[in-house]
file model.csv (CSV, N, CA, C and O atoms)
chain,number,residue,atom,x,y,z
A,1,VAL,N,0.8,-1.2,0.0
A,1,VAL,CA,0.0,0.0,0.0
A,1,VAL,C,0.9,1.3,0.0
A,1,VAL,O,0.6,2.2,-0.7
A,2,LYS,N,2.0,1.2,0.7
A,2,LYS,CA,2.9,2.4,0.8
A,2,LYS,C,3.4,2.7,-0.6
A,2,LYS,O,3.5,3.9,-1.0
A,3,VAL,N,3.8,1.7,-1.4
A,3,VAL,CA,4.4,2.0,-2.7
A,3,VAL,C,3.3,2.6,-3.6
A,3,VAL,O,3.5,3.5,-4.4
A,4,THR,N,2.1,2.1,-3.5
A,4,THR,CA,0.9,2.6,-4.2
A,4,THR,C,0.7,4.1,-3.9
A,4,THR,O,0.5,4.9,-4.7
A,5,GLU,N,0.7,4.4,-2.6
A,5,GLU,CA,0.5,5.7,-2.1
A,5,GLU,C,1.5,6.7,-2.7
A,5,GLU,O,1.2,7.8,-3.1
A,6,GLU,N,2.8,6.2,-2.7
A,6,GLU,CA,3.9,7.0,-3.2
A,6,GLU,C,3.8,7.3,-4.7
A,6,GLU,O,4.0,8.4,-5.1
A,7,ALA,N,3.4,6.3,-5.4
A,7,ALA,CA,3.2,6.4,-6.9
A,7,ALA,C,2.0,7.4,-7.2
A,7,ALA,O,2.2,8.3,-8.1
A,8,ILE,N,1.0,7.3,-6.4
A,8,ILE,CA,-0.2,8.2,-6.6
A,8,ILE,C,0.2,9.6,-6.3
A,8,ILE,O,-0.1,10.6,-7.0
A,9,LYS,N,1.0,9.8,-5.2
A,9,LYS,CA,1.4,11.1,-4.8
A,9,LYS,C,2.3,11.7,-5.9
A,9,LYS,O,2.2,12.9,-6.2
A,10,LEU,N,3.2,10.9,-6.5
A,10,LEU,CA,4.2,11.3,-7.5
A,10,LEU,C,3.5,11.7,-8.8
A,10,LEU,O,3.7,12.8,-9.4
A,11,TYR,N,2.6,10.8,-9.3
A,11,TYR,CA,2.0,11.0,-10.6
A,11,TYR,C,0.6,11.7,-10.6
A,11,TYR,O,0.2,12.2,-11.6
A,12,GLN,N,0.0,11.8,-9.4
A,12,GLN,CA,-1.3,12.5,-9.3
A,12,GLN,C,-2.3,12.1,-10.4
A,12,GLN,O,-2.8,13.0,-11.2
A,13,PRO,N,-2.7,10.9,-10.6
A,13,PRO,CA,-3.5,10.4,-11.7
A,13,PRO,C,-5.0,10.9,-11.5
A,13,PRO,O,-5.4,11.1,-10.4
A,14,ASP,N,-5.6,11.1,-12.6
A,14,ASP,CA,-7.1,11.4,-12.6
A,14,ASP,C,-7.9,10.2,-12.6
A,14,ASP,O,-9.1,10.2,-12.3
A,15,LEU,N,-7.3,9.1,-13.0
A,15,LEU,CA,-7.9,7.8,-13.2
A,15,LEU,C,-6.9,6.7,-13.0
A,15,LEU,O,-5.7,6.9,-13.4
A,16,ILE,N,-7.3,5.6,-12.4
A,16,ILE,CA,-6.4,4.4,-12.2
A,16,ILE,C,-7.0,3.2,-12.8
A,16,ILE,O,-8.2,2.9,-12.6
A,17,ILE,N,-6.2,2.5,-13.6
A,17,ILE,CA,-6.7,1.2,-14.2
A,17,ILE,C,-5.8,0.1,-13.5
A,17,ILE,O,-4.6,0.2,-13.6
A,18,THR,N,-6.4,-0.9,-13.0
A,18,THR,CA,-5.6,-1.9,-12.3
A,18,THR,C,-6.3,-3.3,-12.5
A,18,THR,O,-7.3,-3.4,-13.1
A,19,HIS,N,-5.7,-4.3,-11.9
A,19,HIS,CA,-6.2,-5.6,-12.0
A,19,HIS,C,-7.5,-5.7,-11.3
A,19,HIS,O,-7.7,-5.1,-10.3
A,20,ALA,N,-8.4,-6.5,-11.8
A,20,ALA,CA,-9.7,-6.8,-11.2
A,20,ALA,C,-9.5,-7.6,-9.9
A,20,ALA,O,-8.7,-8.6,-9.9
A,21,PRO,N,-10.2,-7.3,-8.8
A,21,PRO,CA,-10.2,-8.2,-7.7
A,21,PRO,C,-10.7,-9.6,-8.1
A,21,PRO,O,-11.6,-9.7,-8.9
A,22,GLN,N,-10.0,-10.6,-7.5
A,22,GLN,CA,-10.4,-12.0,-7.9
A,22,GLN,C,-10.7,-12.8,-6.7
A,22,GLN,O,-9.9,-13.5,-6.2
A,23,PRO,N,-11.9,-12.6,-6.1
A,23,PRO,CA,-12.2,-13.3,-4.9
A,23,PRO,C,-12.2,-14.8,-4.9
A,23,PRO,O,-12.0,-15.5,-3.9
A,24,GLU,N,-12.3,-15.3,-6.2
A,24,GLU,CA,-12.3,-16.8,-6.3
A,24,GLU,C,-10.9,-17.3,-6.3
A,24,GLU,O,-10.6,-18.5,-6.6
A,25,LYS,N,-9.9,-16.5,-6.1
A,25,LYS,CA,-8.5,-16.8,-6.0
A,25,LYS,C,-8.0,-17.4,-7.4
A,25,LYS,O,-7.2,-18.3,-7.4
A,26,TYR,N,-8.5,-16.8,-8.4
A,26,TYR,CA,-8.1,-17.2,-9.8
A,26,TYR,C,-7.1,-16.2,-10.3
A,26,TYR,O,-7.3,-15.0,-10.3
A,27,GLY,N,-6.0,-16.7,-10.7
A,27,GLY,CA,-5.0,-15.8,-11.2
A,27,GLY,C,-3.7,-15.8,-10.3
A,27,GLY,O,-3.5,-16.6,-9.4
A,28,HIS,N,-2.9,-14.8,-10.6
A,28,HIS,CA,-1.6,-14.6,-9.9
A,28,HIS,C,-1.8,-13.9,-8.6
A,28,HIS,O,-2.6,-12.9,-8.5
A,29,ARG,N,-1.1,-14.3,-7.6
A,29,ARG,CA,-1.2,-13.7,-6.3
A,29,ARG,C,-0.8,-12.2,-6.4
A,29,ARG,O,-1.4,-11.4,-5.7
A,30,ASP,N,0.2,-11.9,-7.2
A,30,ASP,CA,0.7,-10.5,-7.3
A,30,ASP,C,-0.4,-9.7,-7.8
A,30,ASP,O,-0.6,-8.5,-7.4
A,31,HIS,N,-1.2,-10.2,-8.8
A,31,HIS,CA,-2.3,-9.4,-9.3
A,31,HIS,C,-3.4,-9.2,-8.2
A,31,HIS,O,-4.0,-8.1,-8.2
A,32,GLU,N,-3.7,-10.2,-7.4
A,32,GLU,CA,-4.6,-10.0,-6.4
A,32,GLU,C,-4.2,-9.0,-5.4
A,32,GLU,O,-5.0,-8.1,-5.0
A,33,VAL,N,-2.9,-9.0,-5.0
A,33,VAL,CA,-2.4,-8.0,-4.0
A,33,VAL,C,-2.4,-6.6,-4.6
A,33,VAL,O,-2.8,-5.7,-3.9
A,34,CYS,N,-2.0,-6.5,-5.9
A,34,CYS,CA,-2.1,-5.2,-6.5
A,34,CYS,C,-3.5,-4.6,-6.5
A,34,CYS,O,-3.7,-3.5,-6.2
A,35,ALA,N,-4.5,-5.5,-6.9
A,35,ALA,CA,-5.8,-5.0,-6.9
A,35,ALA,C,-6.3,-4.5,-5.6
A,35,ALA,O,-6.9,-3.4,-5.4
A,36,ILE,N,-5.9,-5.2,-4.5
A,36,ILE,CA,-6.3,-4.8,-3.2
A,36,ILE,C,-5.7,-3.5,-2.8
A,36,ILE,O,-6.3,-2.6,-2.3
A,37,ALA,N,-4.4,-3.4,-3.0
A,37,ALA,CA,-3.6,-2.2,-2.6
A,37,ALA,C,-4.1,-1.0,-3.4
A,37,ALA,O,-4.4,0.1,-2.8
A,38,VAL,N,-4.2,-1.1,-4.7
A,38,VAL,CA,-4.7,0.0,-5.5
A,38,VAL,C,-6.1,0.4,-5.2
A,38,VAL,O,-6.4,1.6,-5.1
A,39,SER,N,-7.0,-0.5,-5.0
A,39,SER,CA,-8.4,-0.2,-4.7
A,39,SER,C,-8.4,0.5,-3.3
A,39,SER,O,-9.2,1.5,-3.2
A,40,ASN,N,-7.6,0.1,-2.4
A,40,ASN,CA,-7.6,0.7,-1.1
A,40,ASN,C,-7.2,2.2,-1.2
A,40,ASN,O,-7.9,3.1,-0.7
A,41,VAL,N,-6.1,2.5,-1.8
A,41,VAL,CA,-5.6,3.8,-1.9
A,41,VAL,C,-6.5,4.7,-2.8
A,41,VAL,O,-6.9,5.8,-2.4
A,42,ALA,N,-6.9,4.2,-3.9
A,42,ALA,CA,-7.8,5.0,-4.8
A,42,ALA,C,-9.1,5.3,-4.2
A,42,ALA,O,-9.6,6.5,-4.3
A,43,THR,N,-9.7,4.4,-3.4
A,43,THR,CA,-10.9,4.7,-2.7
A,43,THR,C,-10.7,5.8,-1.7
A,43,THR,O,-11.5,6.7,-1.6
A,44,ARG,N,-9.7,5.7,-0.9
A,44,ARG,CA,-9.4,6.7,0.1
A,44,ARG,C,-9.1,8.1,-0.5
A,44,ARG,O,-9.4,9.1,0.1
A,45,LYS,N,-8.5,8.1,-1.7
A,45,LYS,CA,-8.1,9.4,-2.3
A,45,LYS,C,-9.2,9.9,-3.3
A,45,LYS,O,-9.0,10.9,-4.0
A,46,ASN,N,-10.3,9.2,-3.4
A,46,ASN,CA,-11.4,9.5,-4.3
A,46,ASN,C,-11.0,9.6,-5.7
A,46,ASN,O,-11.4,10.6,-6.4
A,47,ILE,N,-10.1,8.7,-6.2
A,47,ILE,CA,-9.7,8.6,-7.5
A,47,ILE,C,-10.5,7.6,-8.3
A,47,ILE,O,-10.6,6.5,-7.8
A,48,PRO,N,-11.1,7.9,-9.4
A,48,PRO,CA,-11.9,6.9,-10.2
A,48,PRO,C,-11.0,5.7,-10.5
A,48,PRO,O,-9.8,5.8,-10.8
A,49,LEU,N,-11.6,4.6,-10.4
A,49,LEU,CA,-10.9,3.3,-10.5
A,49,LEU,C,-11.5,2.4,-11.6
A,49,LEU,O,-12.8,2.2,-11.5
A,50,TRP,N,-10.8,2.0,-12.6
A,50,TRP,CA,-11.3,1.0,-13.6
A,50,TRP,C,-10.5,-0.3,-13.4
A,50,TRP,O,-9.3,-0.2,-13.1
A,51,TYR,N,-11.2,-1.4,-13.5
A,51,TYR,CA,-10.6,-2.7,-13.4
A,51,TYR,C,-10.4,-3.3,-14.8
A,51,TYR,O,-11.3,-3.2,-15.6
A,52,SER,N,-9.2,-3.9,-15.0
A,52,SER,CA,-9.1,-4.7,-16.2
A,52,SER,C,-9.8,-6.0,-16.0
A,52,SER,O,-10.1,-6.4,-14.9
A,53,ALA,N,-10.3,-6.5,-17.1
A,53,ALA,CA,-11.1,-7.8,-17.0
A,53,ALA,C,-10.2,-8.9,-16.6
A,53,ALA,O,-9.0,-9.0,-17.1
A,54,PRO,N,-10.7,-9.8,-15.8
A,54,PRO,CA,-9.9,-11.0,-15.5
A,54,PRO,C,-9.8,-11.9,-16.7
A,54,PRO,O,-10.6,-11.7,-17.6
A,55,PRO,N,-8.9,-12.8,-16.8
A,55,PRO,CA,-8.8,-13.6,-18.0
A,55,PRO,C,-9.9,-14.6,-18.2
A,55,PRO,O,-9.7,-15.8,-18.1
A,56,VAL,N,-11.1,-14.1,-18.5
A,56,VAL,CA,-12.2,-14.9,-18.7
A,56,VAL,C,-12.2,-15.8,-20.0
A,56,VAL,O,-12.9,-16.8,-20.1
A,57,PHE,N,-11.3,-15.4,-20.9
A,57,PHE,CA,-11.2,-16.2,-22.1
A,57,PHE,C,-10.7,-17.6,-21.8
A,57,PHE,O,-10.9,-18.6,-22.5
A,58,LEU,N,-10.0,-17.8,-20.6
A,58,LEU,CA,-9.6,-19.1,-20.2
A,58,LEU,C,-10.8,-20.0,-19.8
A,58,LEU,O,-10.6,-21.2,-19.6
A,59,ARG,N,-11.9,-19.3,-19.6
A,59,ARG,CA,-13.1,-20.1,-19.2
A,59,ARG,C,-14.1,-20.2,-20.3
A,59,ARG,O,-15.3,-20.4,-20.1
A,60,GLY,N,-13.7,-20.0,-21.5
A,60,GLY,CA,-14.6,-20.2,-22.7
A,60,GLY,C,-15.1,-19.0,-23.3
A,60,GLY,O,-15.8,-19.0,-24.3
A,61,PHE,N,-14.7,-17.8,-22.8
A,61,PHE,CA,-15.2,-16.5,-23.3
A,61,PHE,C,-14.5,-16.2,-24.6
A,61,PHE,O,-13.3,-16.4,-24.7
A,62,GLU,N,-15.2,-15.8,-25.6
A,62,GLU,CA,-14.6,-15.4,-26.9
A,62,GLU,C,-15.1,-14.0,-27.2
A,62,GLU,O,-16.3,-13.8,-27.5
A,63,PRO,N,-14.2,-13.0,-27.2
A,63,PRO,CA,-14.6,-11.6,-27.4
A,63,PRO,C,-15.2,-11.4,-28.8
A,63,PRO,O,-14.8,-12.1,-29.8
A,64,ASN,N,-16.2,-10.5,-28.9
A,64,ASN,CA,-16.8,-10.2,-30.2
A,64,ASN,C,-16.8,-8.7,-30.4
A,64,ASN,O,-17.5,-8.2,-31.3
A,65,PHE,N,-16.2,-7.9,-29.6
A,65,PHE,CA,-16.1,-6.5,-29.7
A,65,PHE,C,-14.7,-6.0,-29.5
A,65,PHE,O,-14.1,-6.4,-28.5
A,66,PHE,N,-14.2,-5.2,-30.4
A,66,PHE,CA,-12.8,-4.8,-30.3
A,66,PHE,C,-12.7,-3.3,-30.5
A,66,PHE,O,-13.6,-2.7,-31.2
A,67,VAL,N,-11.8,-2.6,-29.8
A,67,VAL,CA,-11.6,-1.2,-29.9
A,67,VAL,C,-10.3,-0.9,-30.6
A,67,VAL,O,-9.2,-1.4,-30.2
A,68,ASP,N,-10.3,-0.1,-31.7
A,68,ASP,CA,-9.1,0.3,-32.4
A,68,ASP,C,-8.4,1.3,-31.6
A,68,ASP,O,-8.9,2.4,-31.3
A,69,ILE,N,-7.2,1.0,-31.2
A,69,ILE,CA,-6.4,2.0,-30.3
A,69,ILE,C,-5.2,2.6,-31.1
A,69,ILE,O,-4.3,3.2,-30.6
A,70,THR,N,-5.3,2.5,-32.5
A,70,THR,CA,-4.2,3.0,-33.3
A,70,THR,C,-3.9,4.4,-33.0
A,70,THR,O,-2.7,4.8,-32.9
A,71,SER,N,-4.9,5.3,-32.7
A,71,SER,CA,-4.6,6.7,-32.5
A,71,SER,C,-3.9,7.0,-31.2
A,71,SER,O,-3.4,8.1,-31.0
A,72,VAL,N,-3.9,6.0,-30.3
A,72,VAL,CA,-3.3,6.3,-28.9
A,72,VAL,C,-2.3,5.2,-28.6
A,72,VAL,O,-1.9,5.1,-27.5
A,73,ILE,N,-1.8,4.5,-29.6
A,73,ILE,CA,-0.9,3.4,-29.4
A,73,ILE,C,0.4,3.9,-28.7
A,73,ILE,O,1.0,3.2,-27.8
A,74,GLU,N,0.9,5.0,-29.1
A,74,GLU,CA,2.2,5.5,-28.5
A,74,GLU,C,2.0,5.8,-27.0
A,74,GLU,O,2.9,5.5,-26.2
A,75,GLU,N,0.9,6.4,-26.7
A,75,GLU,CA,0.6,6.7,-25.2
A,75,GLU,C,0.5,5.4,-24.5
A,75,GLU,O,0.9,5.3,-23.3
A,76,LYS,N,-0.1,4.4,-25.1
A,76,LYS,CA,-0.3,3.1,-24.4
A,76,LYS,C,1.1,2.4,-24.2
A,76,LYS,O,1.3,1.9,-23.1
A,77,ILE,N,1.9,2.5,-25.2
A,77,ILE,CA,3.3,1.9,-25.0
A,77,ILE,C,4.0,2.7,-23.9
A,77,ILE,O,4.7,2.0,-23.1
A,78,ALA,N,3.9,4.0,-23.9
A,78,ALA,CA,4.6,4.8,-22.9
A,78,ALA,C,4.1,4.4,-21.5
A,78,ALA,O,4.9,4.3,-20.6
A,79,ALA,N,2.8,4.2,-21.4
A,79,ALA,CA,2.2,3.9,-20.1
A,79,ALA,C,2.7,2.5,-19.6
A,79,ALA,O,3.0,2.3,-18.5
A,80,MET,N,2.8,1.6,-20.6
A,80,MET,CA,3.2,0.2,-20.2
A,80,MET,C,4.7,0.2,-19.8
A,80,MET,O,5.1,-0.5,-19.0
A,81,ASN,N,5.5,1.1,-20.5
A,81,ASN,CA,6.9,1.2,-20.1
A,81,ASN,C,7.1,1.7,-18.7
A,81,ASN,O,8.2,1.5,-18.1
A,82,LEU,N,6.2,2.5,-18.2
A,82,LEU,CA,6.3,2.9,-16.8
A,82,LEU,C,6.4,1.8,-15.8
A,82,LEU,O,7.0,1.9,-14.8
A,83,ASN,N,5.8,0.7,-16.2
A,83,ASN,CA,5.9,-0.5,-15.4
A,83,ASN,C,7.3,-1.0,-15.2
A,83,ASN,O,7.6,-1.7,-14.2
A,84,ASN,N,8.2,-0.6,-16.1
A,84,ASN,CA,9.6,-1.1,-16.0
A,84,ASN,C,10.4,-0.1,-15.1
A,84,ASN,O,11.6,-0.4,-14.9
A,85,GLN,N,9.9,1.0,-14.7
A,85,GLN,CA,10.7,1.9,-13.8
A,85,GLN,C,10.8,1.3,-12.4
A,85,GLN,O,9.8,1.1,-11.7
A,86,LYS,N,12.0,1.1,-12.1
A,86,LYS,CA,12.3,0.5,-10.8
A,86,LYS,C,12.2,1.4,-9.6
A,86,LYS,O,12.1,1.0,-8.5
A,87,HIS,N,12.3,2.7,-9.8
A,87,HIS,CA,12.3,3.7,-8.7
A,87,HIS,C,11.0,3.6,-7.9
A,87,HIS,O,11.0,4.0,-6.7
A,88,LEU,N,9.9,3.1,-8.4
A,88,LEU,CA,8.7,3.1,-7.6
A,88,LEU,C,8.7,2.0,-6.6
A,88,LEU,O,8.0,2.0,-5.6
A,89,CYS,N,9.6,1.0,-6.8
A,89,CYS,CA,9.6,-0.2,-5.9
A,89,CYS,C,10.7,0.0,-4.8
A,89,CYS,O,10.8,-0.9,-4.0
A,90,ASN,N,11.5,1.0,-4.9
A,90,ASN,CA,12.5,1.2,-3.9
A,90,ASN,C,12.0,1.9,-2.6
A,90,ASN,O,11.1,2.6,-2.6
call {"tool": "encode", "arguments": {"input": "model.csv", "output": "structure tokens"}}
result
Amino acid sequence: VKVTEEAIKLYQPDLIITHAPQPEKYGHRDHEVCAIAVSNVATRKNIPLWYSAPPVFLRGFEPNFFVDITSVIEEKIAAMNLNNQKHLCN
């Protein structure tokens, strides 16, 4: 939770997108812990929170709706690269 609070203080997001809580203990433990920590801090700070969908395709789901992100692909890549920044974990 402390790392999450520090990241939110540093970046001051208007919206947070994180892993969906998985009460059925489906998925990676790291994703479950991330969802709990981010949900906790975002709720206390009144920051809108969106959850990514759990991997339902592993349970027989086949998507039939897709969104073209071509116009924002560079921003998406930049956001994903932030995940590689080690200074948030120190």
call {"tool": "atom_distance", "arguments": {"input": "model.csv", "atom1": "atom CA of A:Ile47", "atom2": "atom C of A:Val33"}}
result
17.1 Å
call {"tool": "atom_distance", "arguments": {"input": "model.csv", "atom1": "atom N of A:Glu75", "atom2": "atom CA of A:Ile36"}}
result
27.0 Å
call {"tool": "residues_near_point", "arguments": {"input": "model.csv", "point": "(-1.8, 7.0, -1.9)", "cutoff": "12 Å", "atoms": "only C-alpha atoms", "output": "NGL selection string"}}
result
:A and (1-13 or 16 or 37-47)
call {"tool": "atom_distance", "arguments": {"input": "model.csv", "atom1": "atom CA of A:Leu49", "atom2": "atom O of A:Ala78"}}
result
18.8 Å
call {"tool": "residues_around", "arguments": {"input": "model.csv", "residues": "A:Thr18", "least_positions_apart": "5", "cutoff": "7 Å", "atoms": "only C-alpha atoms", "output": "JSON, numbers by chain"}}
result
{"A": [35, 50, 51, 52]}
call {"tool": "select_by_dssp", "arguments": {"input": "model.csv", "residues": "stretch 4-58 of chain A", "states": "strand (DSSP E or B)", "output": "PyMOL selection string"}}
result
chain A and resi 16-18+49-51
